[in-house]
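Coordinates as given in query-v4.cif (mmCIF, C-alpha atoms and all ligand atoms):
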```cif
data_target
loop_
_atom_site.label_atom_id
_atom_site.label_comp_id
_atom_site.auth_asym_id
_atom_site.auth_seq_id
_atom_site.Cartn_x
_atom_site.Cartn_y
_atom_site.Cartn_z
CA MET R 1 -8.43 -24.23 -2.08
CA ASN R 2 -4.73 -23.75 -2.85
CA VAL R 3 -3.42 -20.21 -2.72
CA LEU R 4 -0.15 -18.57 -3.73
CA VAL R 5 0.64 -15.14 -2.25
CA LEU R 6 3.28 -13.06 -4.04
CA GLY R 7 5.58 -10.75 -2.09
CA SER R 8 7.82 -10.76 0.95
CA GLY R 9 6.87 -7.96 3.33
CA GLY R 10 4.77 -7.38 6.43
CA ARG R 11 1.77 -6.87 4.16
CA GLU R 12 2.17 -10.34 2.71
CA HIS R 13 2.62 -11.87 6.16
CA ALA R 14 -0.62 -10.22 7.34
CA ILE R 15 -2.52 -11.36 4.23
CA SER R 16 -1.15 -14.90 4.58
CA TRP R 17 -1.93 -14.97 8.31
CA LYS R 18 -5.54 -14.16 7.45
CA ILE R 19 -5.79 -16.65 4.57
CA ALA R 20 -4.40 -19.37 6.85
CA GLN R 21 -7.47 -18.87 9.12
CA SER R 22 -9.94 -19.42 6.29
CA SER R 23 -12.20 -22.47 6.45
CA GLN R 24 -11.53 -22.97 2.73
CA ILE R 25 -7.74 -23.11 2.70
CA ASP R 26 -5.98 -26.33 1.79
CA LYS R 27 -2.44 -25.31 0.92
CA LEU R 28 -0.94 -21.85 1.26
CA PHE R 29 2.33 -20.86 -0.41
CA ILE R 30 4.19 -17.56 -0.39
CA ALA R 31 6.75 -16.53 -3.03
CA PRO R 32 9.32 -15.57 -1.94
CA GLY R 33 7.98 -14.74 1.57
CA ASN R 34 9.94 -14.18 4.76
CA ALA R 35 10.53 -16.08 8.01
CA GLY R 36 7.07 -15.04 9.24
CA THR R 37 5.10 -16.19 6.20
CA ASN R 38 6.78 -19.58 6.54
CA GLN R 39 5.04 -19.98 9.92
CA VAL R 40 1.57 -19.71 8.37
CA GLY R 41 2.27 -21.34 5.00
CA THR R 42 5.18 -22.62 2.92
CA ASN R 43 7.70 -20.30 1.34
CA VAL R 44 8.66 -20.90 -2.26
CA ASP R 45 11.91 -19.60 -3.68
CA ILE R 46 10.46 -17.71 -6.65
CA GLU R 47 10.57 -13.93 -7.08
CA ALA R 48 7.25 -12.10 -7.50
CA ASP R 49 8.25 -10.91 -10.99
CA ASP R 50 9.34 -14.31 -12.33
CA PHE R 51 6.12 -14.94 -14.28
CA GLN R 52 7.30 -18.17 -15.95
CA GLY R 53 8.48 -19.57 -12.62
CA ILE R 54 5.14 -18.67 -11.04
CA LYS R 55 3.21 -20.34 -13.86
CA LYS R 56 5.20 -23.57 -13.50
CA PHE R 57 4.67 -23.59 -9.74
CA CYS R 58 0.93 -22.92 -10.08
CA LEU R 59 0.47 -25.83 -12.47
CA GLU R 60 2.54 -28.24 -10.40
CA ASN R 61 0.72 -27.33 -7.19
CA LYS R 62 -2.83 -26.93 -8.53
CA ILE R 63 -3.09 -23.33 -7.35
CA ASP R 64 -6.60 -21.83 -7.44
CA TYR R 65 -5.82 -18.22 -6.42
CA VAL R 66 -2.79 -15.99 -6.86
CA VAL R 67 -2.92 -13.04 -4.47
CA VAL R 68 -0.54 -10.27 -5.53
CA GLY R 69 0.92 -8.15 -2.71
CA PRO R 70 3.21 -5.57 -4.37
CA GLU R 71 2.47 -3.24 -7.29
CA LYS R 72 5.31 -4.18 -9.62
CA PRO R 73 4.01 -7.54 -10.90
CA LEU R 74 0.58 -5.91 -11.40
CA VAL R 75 1.94 -2.92 -13.32
CA ASP R 76 4.07 -5.40 -15.34
CA GLY R 77 0.92 -7.34 -16.27
CA ILE R 78 0.81 -10.54 -14.20
CA ALA R 79 -3.01 -10.62 -14.41
CA ASP R 80 -2.83 -10.35 -18.23
CA PHE R 81 -0.13 -13.04 -18.28
CA PHE R 82 -2.57 -15.46 -16.62
CA GLN R 83 -5.57 -14.31 -18.63
CA ASP R 84 -3.79 -14.66 -21.98
CA ASP R 85 -2.51 -18.20 -21.39
CA PRO R 86 -5.09 -21.03 -21.81
CA GLU R 87 -3.07 -23.27 -19.48
CA ILE R 88 -3.47 -20.95 -16.49
CA ARG R 89 -6.51 -18.85 -17.38
CA HIS R 90 -8.62 -20.81 -14.87
CA ILE R 91 -6.47 -19.52 -11.98
CA ALA R 92 -7.88 -16.34 -10.42
CA VAL R 93 -5.44 -13.50 -9.95
CA ILE R 94 -6.48 -11.17 -7.13
CA GLY R 95 -5.18 -7.91 -8.49
CA PRO R 96 -5.88 -5.65 -11.48
CA ASN R 97 -4.63 -6.14 -15.04
CA LYS R 98 -1.98 -3.93 -16.60
CA SER R 99 -4.40 -1.39 -18.01
CA ALA R 100 -6.18 -1.03 -14.65
CA ALA R 101 -2.91 -0.91 -12.70
CA ARG R 102 -2.07 2.32 -14.56
CA LEU R 103 -3.98 4.02 -11.74
CA GLU R 104 -0.73 3.49 -9.83
CA GLY R 105 1.73 2.89 -12.68
CA SER R 106 1.25 6.28 -14.32
CA LYS R 107 0.66 9.47 -12.34
CA ASP R 108 -0.29 11.26 -15.57
CA PHE R 109 -2.92 8.60 -16.37
CA SER R 110 -4.36 8.79 -12.86
CA LYS R 111 -4.48 12.61 -12.92
CA GLN R 112 -6.25 12.62 -16.31
CA PHE R 113 -8.69 10.03 -15.00
CA MET R 114 -9.48 12.08 -11.88
CA LYS R 115 -9.92 15.23 -13.92
CA LYS R 116 -12.28 13.51 -16.37
CA TYR R 117 -14.45 12.08 -13.59
CA ASN R 118 -14.39 15.16 -11.34
CA ILE R 119 -12.62 13.35 -8.54
CA PRO R 120 -11.13 15.95 -6.17
CA THR R 121 -7.35 16.16 -6.56
CA ALA R 122 -4.62 18.81 -6.76
CA LYS R 123 -4.47 20.93 -9.93
CA TYR R 124 -1.65 19.80 -12.20
CA GLN R 125 0.11 19.75 -15.54
CA THR R 126 2.37 17.12 -17.09
CA PHE R 127 5.68 17.91 -18.81
CA THR R 128 8.31 16.04 -20.85
CA LYS R 129 11.77 17.16 -21.90
CA ASP R 130 10.27 18.60 -25.09
CA ASN R 131 8.41 21.24 -23.11
CA LEU R 132 10.79 21.82 -20.24
CA GLU R 133 10.62 25.60 -20.71
CA GLU R 134 6.85 25.47 -20.26
CA GLY R 135 7.45 23.48 -17.11
CA TYR R 136 9.67 26.28 -15.77
CA ALA R 137 6.98 28.83 -16.63
CA PHE R 138 4.34 26.70 -14.90
CA LEU R 139 6.50 26.61 -11.76
CA ASP R 140 6.97 30.40 -12.00
CA GLY R 141 3.20 30.77 -11.80
CA MET R 142 2.82 28.55 -8.73
CA LYS R 143 3.16 29.18 -5.02
CA PRO R 144 5.62 27.06 -2.99
CA PRO R 145 5.93 24.29 -1.92
CA TYR R 146 6.39 22.75 -5.37
CA VAL R 147 5.28 19.13 -5.84
CA LEU R 148 7.02 17.19 -8.63
CA LYS R 149 6.07 13.60 -9.40
CA ALA R 150 7.82 11.17 -11.74
CA ASP R 151 5.10 9.66 -13.93
CA GLY R 152 6.11 6.01 -13.53
CA LEU R 153 6.99 3.67 -10.66
CA ALA R 154 10.12 4.85 -8.84
CA ALA R 155 10.23 2.56 -5.80
CA GLY R 156 8.38 5.12 -3.68
CA LYS R 157 10.98 7.82 -4.32
CA GLY R 158 9.46 9.60 -7.31
CA VAL R 159 7.72 12.42 -5.42
CA VAL R 160 9.83 15.47 -4.57
CA ILE R 161 8.49 18.45 -2.62
CA LEU R 162 10.63 21.61 -2.59
CA ASN R 163 10.22 25.10 -1.15
CA ASP R 164 12.69 26.91 -3.37
CA LEU R 165 11.72 27.81 -6.95
CA ASN R 166 15.23 27.38 -8.38
CA GLU R 167 15.65 24.02 -6.69
CA ALA R 168 12.30 22.96 -8.11
CA LYS R 169 13.45 23.96 -11.62
CA ASP R 170 16.72 22.08 -11.17
CA GLU R 171 14.82 19.02 -9.99
CA LEU R 172 12.46 19.18 -12.98
CA ARG R 173 15.43 19.37 -15.34
CA ALA R 174 17.20 16.48 -13.55
CA MET R 175 14.09 14.32 -13.76
CA LEU R 176 13.39 15.06 -17.43
CA GLU R 177 16.83 15.58 -18.97
CA ASP R 178 19.11 13.51 -16.74
CA ALA R 179 16.51 10.74 -16.28
CA LYS R 180 16.96 10.97 -12.50
CA PHE R 181 14.39 8.20 -12.01
CA GLY R 182 15.17 6.47 -15.31
CA ASP R 183 12.21 5.99 -17.64
CA ALA R 184 9.83 6.70 -14.75
CA SER R 185 10.67 10.42 -14.97
CA SER R 186 10.46 10.83 -18.74
CA SER R 187 7.16 12.57 -17.88
CA VAL R 188 6.72 14.64 -14.75
CA VAL R 189 3.51 15.80 -13.11
CA ILE R 190 3.77 19.16 -11.34
CA GLU R 191 0.92 19.79 -8.98
CA GLU R 192 -0.48 22.15 -6.42
CA PHE R 193 0.51 21.45 -2.79
CA LEU R 194 -2.40 20.39 -0.58
CA ASP R 195 -2.19 21.25 3.08
CA GLY R 196 -3.97 18.79 5.33
CA ILE R 197 -3.76 15.44 7.10
CA GLU R 198 -3.40 12.19 5.17
CA LEU R 199 -5.16 8.84 5.45
CA SER R 200 -5.46 5.64 3.44
CA VAL R 201 -8.77 4.14 2.35
CA PHE R 202 -9.02 0.70 0.77
CA VAL R 203 -11.71 -1.00 -1.24
CA ILE R 204 -11.94 -4.45 -2.71
CA THR R 205 -13.83 -4.63 -6.00
CA ASP R 206 -14.94 -7.21 -8.57
CA GLY R 207 -15.31 -4.49 -11.18
CA GLN R 208 -19.05 -4.12 -10.50
CA SER R 209 -19.49 -3.61 -6.79
CA TYR R 210 -17.09 -2.77 -4.00
CA LYS R 211 -16.64 -3.11 -0.26
CA ILE R 212 -14.91 -0.46 1.79
CA LEU R 213 -12.34 -1.83 4.25
CA PRO R 214 -11.36 -0.07 7.49
CA GLU R 215 -9.40 3.14 6.86
CA ALA R 216 -5.90 3.61 8.26
CA LYS R 217 -3.20 6.22 8.71
CA ASP R 218 0.44 5.43 8.09
CA TYR R 219 3.61 7.23 9.19
CA LYS R 220 6.16 7.43 6.42
CA ARG R 221 9.02 9.49 7.85
CA ILE R 222 11.89 7.89 9.75
CA GLY R 223 11.96 10.47 12.54
CA GLU R 224 9.55 11.31 15.35
CA GLY R 225 7.18 14.18 14.68
CA ASP R 226 7.15 13.16 10.99
CA THR R 227 10.68 14.38 10.31
CA GLY R 228 13.60 13.08 8.25
CA LEU R 229 13.67 10.82 5.24
CA ASN R 230 10.73 8.96 3.75
CA THR R 231 10.62 5.23 4.40
CA GLY R 232 8.39 2.37 3.32
CA GLY R 233 6.32 3.14 6.44
CA MET R 234 7.10 3.16 10.18
CA GLY R 235 3.70 2.42 11.69
CA ALA R 236 -0.04 2.63 11.17
CA VAL R 237 -3.29 2.90 13.07
CA SER R 238 -6.91 2.06 12.30
CA PRO R 239 -9.51 3.51 12.63
CA VAL R 240 -8.59 7.13 11.94
CA PRO R 241 -10.44 9.41 14.39
CA PHE R 242 -11.06 12.26 11.94
CA ALA R 243 -12.52 9.88 9.34
CA ASP R 244 -15.99 10.22 10.85
CA THR R 245 -19.21 9.28 9.07
CA ALA R 246 -19.58 12.68 7.42
CA PHE R 247 -16.05 12.55 6.04
CA MET R 248 -16.30 8.91 4.91
CA ASP R 249 -19.60 9.68 3.16
CA LYS R 250 -17.76 12.33 1.15
CA VAL R 251 -15.00 9.83 0.40
CA GLU R 252 -17.53 7.31 -0.85
CA ASN R 253 -19.60 9.72 -2.91
CA GLN R 254 -16.90 12.01 -4.27
CA VAL R 255 -14.04 9.56 -4.65
CA ILE R 256 -14.92 5.85 -4.51
CA ILE R 257 -18.14 5.78 -6.53
CA PRO R 258 -16.81 8.04 -9.32
CA THR R 259 -13.64 5.93 -9.48
CA ILE R 260 -15.51 2.62 -9.86
CA LYS R 261 -17.92 4.18 -12.38
CA GLY R 262 -15.09 5.89 -14.25
CA LEU R 263 -13.16 2.65 -14.60
CA LYS R 264 -16.25 0.93 -15.97
CA ASN R 265 -16.89 3.81 -18.32
CA GLU R 266 -13.32 3.59 -19.66
CA GLY R 267 -13.84 -0.14 -20.29
CA ILE R 268 -11.20 -0.92 -17.68
CA ASP R 269 -11.92 -4.18 -15.88
CA TYR R 270 -10.54 -3.55 -12.38
CA VAL R 271 -10.52 -6.46 -9.93
CA GLY R 272 -8.67 -6.49 -6.63
CA PHE R 273 -7.80 -3.80 -4.14
CA ILE R 274 -7.81 -0.05 -4.75
CA PHE R 275 -5.86 2.04 -2.28
CA PHE R 276 -6.91 5.68 -2.14
CA GLY R 277 -4.14 7.86 -0.72
CA LEU R 278 -6.22 10.78 0.54
CA ILE R 279 -5.64 14.09 2.21
CA ASN R 280 -8.23 15.77 4.40
CA VAL R 281 -8.19 19.46 3.58
CA LYS R 282 -10.58 21.26 5.92
CA LYS R 283 -12.87 18.21 6.06
CA ASP R 284 -12.87 17.62 2.31
CA PRO R 285 -11.12 14.58 0.83
CA PHE R 286 -8.64 14.99 -2.06
CA VAL R 287 -6.85 12.14 -3.81
CA ILE R 288 -3.05 12.32 -3.52
CA GLU R 289 -2.57 9.04 -5.34
CA TYR R 290 -4.09 5.72 -6.22
CA ASN R 291 -2.33 2.42 -5.59
CA CYS R 292 -3.39 -0.86 -7.16
CA ARG R 293 -2.72 -2.95 -4.03
CA LEU R 294 -2.94 -2.80 -0.27
CA GLY R 295 -0.60 -0.49 1.66
CA ASP R 296 2.27 -1.51 3.87
CA PRO R 297 2.14 -1.13 6.92
CA GLU R 298 -1.59 -0.26 6.70
CA THR R 299 -2.41 -3.89 5.86
CA GLU R 300 -0.99 -4.91 9.22
CA VAL R 301 -3.84 -3.02 10.94
CA VAL R 302 -6.57 -3.28 8.29
CA ILE R 303 -6.49 -7.05 7.78
CA PRO R 304 -6.53 -7.84 11.54
CA ARG R 305 -9.72 -5.72 11.73
CA LEU R 306 -11.43 -7.85 9.07
CA LYS R 307 -13.55 -10.53 10.71
CA SER R 308 -14.94 -12.09 7.52
CA ASP R 309 -13.26 -14.99 5.77
CA ILE R 310 -10.86 -13.38 3.30
CA LEU R 311 -11.04 -16.27 0.83
CA GLU R 312 -14.78 -15.76 0.59
CA LEU R 313 -14.11 -12.18 -0.41
CA PHE R 314 -11.54 -13.33 -2.96
CA GLU R 315 -14.07 -15.83 -4.28
CA GLY R 316 -16.53 -12.93 -4.59
CA VAL R 317 -13.96 -11.02 -6.63
CA ALA R 318 -13.06 -13.96 -8.84
CA THR R 319 -16.68 -14.95 -9.57
CA ARG R 320 -17.92 -11.35 -9.68
CA THR R 321 -20.32 -11.95 -6.81
CA LEU R 322 -18.77 -9.61 -4.29
CA SER R 323 -22.08 -7.81 -3.74
CA GLU R 324 -23.51 -11.04 -2.26
CA ARG R 325 -20.77 -11.34 0.35
CA ASP R 326 -20.82 -9.96 3.85
CA VAL R 327 -17.91 -8.02 5.21
CA VAL R 328 -17.74 -7.76 8.97
CA PHE R 329 -15.18 -5.72 10.87
CA ASP R 330 -13.73 -5.86 14.35
CA GLU R 331 -14.88 -2.87 16.39
CA ARG R 332 -11.57 -2.71 18.19
CA ALA R 333 -8.80 -0.33 17.17
CA ALA R 334 -5.49 -1.68 15.90
CA SER R 335 -1.98 -0.26 15.94
CA THR R 336 1.23 -1.41 14.35
CA VAL R 337 4.78 -0.15 14.83
CA VAL R 338 7.64 -1.15 12.56
CA MET R 339 11.05 -2.11 13.97
CA VAL R 340 13.79 -1.26 11.49
CA SER R 341 17.54 -1.82 11.12
CA GLY R 342 19.70 1.07 12.37
CA GLY R 343 20.66 3.29 9.41
CA TYR R 344 17.48 2.57 7.41
CA PRO R 345 16.34 4.10 5.00
CA GLY R 346 20.05 4.56 4.23
CA ALA R 347 22.64 1.78 4.48
CA TYR R 348 22.14 -0.80 7.23
CA GLU R 349 23.57 -4.14 8.32
CA LYS R 350 21.79 -7.47 8.04
CA GLU R 351 22.05 -10.88 9.71
CA LYS R 352 21.47 -9.60 13.26
CA ASN R 353 19.95 -12.13 15.65
CA ILE R 354 16.43 -11.19 16.74
CA SER R 355 15.56 -11.99 20.35
CA GLY R 356 12.34 -11.91 22.35
CA LEU R 357 9.90 -13.13 19.70
CA ASN R 358 8.73 -16.09 21.77
CA GLY R 359 7.70 -14.03 24.79
CA ILE R 360 4.81 -12.19 23.14
CA PHE R 361 1.29 -13.48 23.54
CA ASP R 362 -1.11 -10.55 23.30
CA SER R 363 0.17 -8.91 20.08
CA MET R 364 0.74 -10.20 16.57
CA ILE R 365 4.18 -10.06 15.02
CA PHE R 366 4.24 -9.59 11.27
CA HIS R 367 7.63 -10.15 9.73
CA ALA R 368 9.03 -8.01 6.91
CA GLY R 369 12.81 -8.33 6.45
CA THR R 370 13.56 -11.53 8.33
CA LYS R 371 14.92 -14.97 7.57
CA GLN R 372 15.44 -18.09 9.57
CA ASP R 373 18.92 -19.31 10.36
CA GLY R 374 18.47 -22.69 12.03
CA PRO R 375 16.42 -22.06 15.17
CA THR R 376 17.07 -18.29 15.16
CA TYR R 377 15.46 -15.47 13.28
CA VAL R 378 17.84 -12.91 11.77
CA THR R 379 17.32 -9.55 10.11
CA ALA R 380 17.33 -9.49 6.30
CA GLY R 381 16.06 -6.03 5.39
CA GLY R 382 15.52 -2.42 6.44
CA ARG R 383 12.03 -2.87 7.80
CA VAL R 384 12.42 -6.00 9.92
CA LEU R 385 9.10 -6.70 11.63
CA CYS R 386 6.07 -5.00 13.04
CA VAL R 387 4.06 -5.51 16.18
CA THR R 388 0.28 -5.20 15.85
CA SER R 389 -2.12 -4.97 18.78
CA TYR R 390 -5.81 -4.48 19.34
CA GLY R 391 -7.29 -2.16 21.92
CA LYS R 392 -10.67 -0.77 22.81
CA LYS R 393 -9.31 2.62 21.75
CA LEU R 394 -6.22 3.54 19.74
CA GLU R 395 -4.38 4.55 22.85
CA ALA R 396 -4.75 1.10 24.41
CA ALA R 397 -3.74 -0.57 21.14
CA LEU R 398 -0.62 1.60 20.98
CA ASP R 399 0.27 0.98 24.64
CA LYS R 400 0.18 -2.76 24.09
CA THR R 401 2.32 -2.54 20.95
CA TYR R 402 4.92 -0.42 22.72
CA ASP R 403 4.98 -2.74 25.78
CA ASN R 404 5.71 -5.69 23.53
CA LEU R 405 8.25 -3.88 21.37
CA LYS R 406 10.38 -3.48 24.48
CA LYS R 407 10.69 -7.27 24.68
CA ILE R 408 12.07 -7.65 21.15
CA ASP R 409 15.63 -6.70 20.26
CA PHE R 410 18.41 -6.93 17.71
CA GLU R 411 21.60 -4.92 17.35
CA ASN R 412 20.87 -1.32 16.26
CA ALA R 413 17.10 -1.81 16.26
CA TYR R 414 15.08 1.40 15.91
CA TYR R 415 11.40 2.27 15.98
CA ARG R 416 9.39 5.46 16.29
CA LYS R 417 7.94 6.03 19.76
CA ASP R 418 5.26 8.46 18.58
CA ILE R 419 2.99 6.58 16.16
CA GLY R 420 -0.47 8.16 16.38
CA PHE R 421 0.93 11.36 17.92
CA ASP R 422 -1.01 13.66 15.60
CA LEU R 423 -4.41 12.11 16.23
CA GLU R 424 -4.98 13.06 19.86
CA GLU R 425 -6.65 16.32 18.96
CA TYR R 426 -9.29 14.41 16.98
CA ASP R 427 -10.07 11.84 19.68
P1 LIG I 1 2.95 9.64 -3.30
O1 LIG I 1 4.16 8.82 -3.66
O2 LIG I 1 2.15 10.13 -4.45
O3 LIG I 1 2.16 8.99 -2.19
O4 LIG I 1 3.51 10.96 -2.56
C1 LIG I 1 4.36 10.82 -1.46
C2 LIG I 1 3.95 11.80 -0.42
O5 LIG I 1 4.11 13.14 -0.89
C3 LIG I 1 2.49 11.72 -0.02
O6 LIG I 1 2.27 10.72 0.93
C4 LIG I 1 2.26 13.11 0.52
O7 LIG I 1 2.74 13.19 1.84
C5 LIG I 1 3.12 13.97 -0.33
N1 LIG I 1 2.35 14.60 -1.42
C6 LIG I 1 2.15 14.12 -2.66
N2 LIG I 1 1.40 14.96 -3.38
C7 LIG I 1 1.12 16.02 -2.59
C8 LIG I 1 0.38 17.22 -2.76
N3 LIG I 1 -0.21 17.54 -3.91
N4 LIG I 1 0.29 18.05 -1.71
C9 LIG I 1 0.89 17.76 -0.54
N5 LIG I 1 1.60 16.65 -0.32
C10 LIG I 1 1.72 15.77 -1.32
N1 LIG I 2 2.06 2.85 3.15
C1 LIG I 2 2.08 3.37 1.85
C2 LIG I 2 2.27 2.41 0.78
O1 LIG I 2 2.12 1.21 0.93
O2 LIG I 2 2.54 2.84 -0.34
#
```
Mind turning the file's structure into structure tokens?
Ligand code: AMP
Ligand code: GLY
Amino acid sequence: MNVLVLGSGGREHAISWKIAQSSQIDKLFIAPGNAGTNQVGTNVDIEADDFQGIKKFCLENKIDYVVVGPEKPLVDGIADFFQDDPEIRHIAVIGPNKSAARLEGSKDFSKQFMKKYNIPTAKYQTFTKDNLEEGYAFLDGMKPPYVLKADGLAAGKGVVILNDLNEAKDELRAMLEDAKFGDASSSVVIEEFLDGIELSVFVITDGQSYKILPEAKDYKRIGEGDTGLNTGGMGAVSPVPFADTAFMDKVENQVIIPTIKGLKNEGIDYVGFIFFGLINVKKDPFVIEYNCRLGDPETEVVIPRLKSDILELFEGVATRTLSERDVVFDERAASTVVMVSGGYPGAYEKEKNISGLNGIFDSMIFHAGTKQDGPTYVTAGGRVLCVTSYGKKLEAALDKTYDNLKKIDFENAYYRKDIGFDLEEYD
């Protein structure tokens, strides 16, 4: 089987690492990939949103499966692009079509969907610049903190949480009237603030049945103790101690099953991964958001905990026989910590030599922003790489990751030393 993975982050390295271990893989390509993906497959110099370039490559290289890492090509309709073209219709795209990807691509769509199918989520209303005054009045009637969400994709920056009412009104006006997030904020969802602890739950579905993957918790803020600016993610752990059987039963019955049924009921053919961004409010799950893909860096702990052959699961998705496939997980815990360029998520320098990568034997290194410069690896992004380790318990998995991080270095490298800090009380 020949597979093309789209994307270039740690998530795509972890997915490719797993595909490379499949008994069914012949050739594995990654577009555009990073220095890490090139160790497990072959990088191809095509961007993940260059649909024509991808088509040409797929035909020339007899690709059977296209596995889509990031949300943008999905929201832009890459699955429809393949489905609508007789020349490439036979190639299976692992990822939802444009209509299904609205679960992530439009906050308003996802909120309406949750409301219709009684899926627990924060109370909300949606506003445009034509009813800005009503938006102000809605804010007047709410308690702080105020949660404002740009409707469309805004590169992870479209959610703003403010404590001050006047600042919230200014923000609403800036989003709607000044197009602060471009088209993405031509509609804005304002919603109730939920106070609790977050986690990420993933399923893979063929539109009929689903399999729940191991849950994970990610750490989005740059600073220790969850402080400072939001990033693409600074670390993750799996399993999540508070996601016990009772809680996960609620997640399955109140969130996952109604979502799969709701999609079917709407005539939306969803295939691929669904990422449920959840918050545990006094032991009840609420949906903060849906994503139409796997999370990053959650993938770097979830995929290593999958024992089954991932291409068999993809085959189950493509042939709608997922219910007949077994999914087996590793009982061990996994941790990952992301090493970033100094200055990230603000401005940072690139092209720094990375040292120490060859001296690590008992952890996995998933690359994110790296490239190869002759025999050396150099930094090429804000999130540079992550170190993933197994352990009998989370604590052991974290200890191993931190031991190995000490051996890796580049100028101005930074990583959080406290991943998992908030989970001790649940252990
Ligand atoms: P999102 O981009 O939808 O994942 O939102 C970014 C972050 O904002 C989430 O990970 C939460 O930490 C926070 N957030 C979003 N919506 C709410 C809410 N209703 N209540 C509390 N926190 C929220
Ligand atoms: N880790 C969160 C995300 O991938 O959006």
Among R:Ser341, R:Thr121, R:Gln52, R:Thr336, ligand LIG 1 (chain I) is approached most closely, using all atoms listed in the file, by R:Thr121
Residues up to 7 Å from ligand LIG 2 (chain I), counting all atoms listed in the file: could you list those as a PDB file with C-alpha atoms, in the coordinates of the input?
```
ATOM      1  CA  ASP R 218       0.440   5.430   8.090  1.00  0.00           C
ATOM      2  CA  LYS R 220       6.160   7.430   6.420  1.00  0.00           C
ATOM      3  CA  GLY R 232       8.390   2.370   3.320  1.00  0.00           C
ATOM      4  CA  GLY R 233       6.320   3.140   6.440  1.00  0.00           C
ATOM      5  CA  LEU R 294      -2.940  -2.800  -0.270  1.00  0.00           C
ATOM      6  CA  GLY R 295      -0.600  -0.490   1.660  1.00  0.00           C
ATOM      7  CA  ASP R 296       2.270  -1.510   3.870  1.00  0.00           C
ATOM      8  CA  PRO R 297       2.140  -1.130   6.920  1.00  0.00           C
ATOM      9  CA  GLU R 298      -1.590  -0.260   6.700  1.00  0.00           C
TER      10      GLU R 298
END
```
Practice problem: Using all atoms listed in the file, find each residue with an atom at most 7 Å away from ligand LIG 1 (chain I) and format the answer as an NGL selection string. | Solution: :R and (122 or 147 or 156-159 or 191-195 or 277 or 288-289)
Select from range 56-123 of chain R every residue with an atom at most 12 Å from any atom of range 301-323 of chain R, then for each give the shortest pair of atoms and their distance in Å to one decimal, using all atoms listed in the file, rows by chain and rising number, as a Markdown table.
```
| residue | atom | partner | partner_atom | distance |
| --- | --- | --- | --- | --- |
| R:Asp64 | CA | R:Glu315 | CA | 10.1 |
| R:Tyr65 | CA | R:Phe314 | CA | 8.3 |
| R:Val66 | CA | R:Phe314 | CA | 9.9 |
| R:Val67 | CA | R:Phe314 | CA | 8.8 |
| R:Val68 | CA | R:Phe314 | CA | 11.7 |
| R:Ala79 | CA | R:Ala318 | CA | 12.0 |
| R:Arg89 | CA | R:Ala318 | CA | 11.8 |
| R:His90 | CA | R:Ala318 | CA | 10.1 |
| R:Ile91 | CA | R:Ala318 | CA | 9.2 |
| R:Ala92 | CA | R:Ala318 | CA | 5.9 |
| R:Val93 | CA | R:Ala318 | CA | 7.7 |
| R:Ile94 | CA | R:Phe314 | CA | 6.9 |
| R:Gly95 | CA | R:Val317 | CA | 9.5 |
| R:Pro96 | CA | R:Val317 | CA | 10.8 |
```
* To do: Would you mind telling me which residue in R:Thr126, R:Ile274, R:Ile161, R:Thr231 lies nearest to Ile212 in chain R when using all atoms listed in the file?
  =>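 Between R:Thr126, R:Ile274, R:Ile161, R:Thr231, the residue approaching Ile212 in chain R most closely is R:Ile274.
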Checklist line | Nearest residue to Gly356 in chain R from the set R:Val384, R:Leu148, R:Ile408, R:Ile30 (distances using all atoms listed in the file) | finding: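 When distances to Gly356 in chain R are compared using all atoms listed in the file, the smallest one comes from R:Ile408.
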Exercise for review: Write out as a list in words each polymer residue whose atoms come within 12 Å of Gly346 in chain R, counting all atoms listed in the file; drop sequence neighbours fewer than 2 positions from it.
Suggested key: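 Using all atoms listed in the file, the neighbours found are Ile222, Gly228, Leu229, Asn230, Thr231, Gly232, Val340, Ser341, Gly342, Gly343, Tyr344, Tyr348, Glu349, Gly381, Gly382 and Arg383 of chain R.
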Correct to one decimal, the distance CA of Lys111 in chain R-CA of Cys292 in chain R is 14.7 Å
For a test of reading the model, state the distance in Å between CA of Asp409 in chain R and CA of Leu357 in chain R, rounded to one decimal.
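Straight-line distance from CA of Asp409 in chain R to CA of Leu357 in chain R works out to 8.6 Å.
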Next on the checklist: For a test of reading the model, state the distance in Å between CA of Asn118 in chain R and CA of Thr259 in chain R, rounded to one decimal.
Outcome noted: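 Taking CA of Asn118 in chain R as the start and CA of Thr259 in chain R as the end point, the length is 9.4 Å.
The shell of residues at most 12 Å from Asp418 in chain R, with all atoms listed in the file counted and near chain neighbours (fewer than 2 positions) removed, consists of R:Asp218, R:Tyr219, R:Arg221, R:Ile222, R:Gly223, R:Glu224, R:Gly225, R:Asp226, R:Thr227, R:Met234, R:Gly235, R:Ala236, R:Val237, R:Ser335, R:Thr336, R:Val337, R:Val338, R:Glu395, R:Leu398, R:Asp399, R:Thr401, R:Tyr402, R:Tyr415, R:Arg416, R:Gly420, R:Phe421, R:Asp422, R:Leu423, R:Glu424.
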Ranking R:Ile256, R:Met364, R:Ile354, R:Ala174 by minimum distance to Pro120 in chain R and counting all atoms listed in the file, which one comes first?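 Of R:Ile256, R:Met364, R:Ile354, R:Ala174, the one nearest Pro120 in chain R is R:Ile256, counting all atoms listed in the file.
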Cut-off 8 Å: closest range 261-334 of chain R/range 390-394 of chain R atom pairs per residue, using all atoms listed in the file, as a tab-separated table:
```
residue	atom	partner	partner_atom	distance
R:Glu331	CA	R:Lys392	CA	8.0
R:Arg332	CA	R:Lys392	CA	5.1
R:Ala333	CA	R:Gly391	CA	5.3
R:Ala334	CA	R:Tyr390	CA	4.4
```
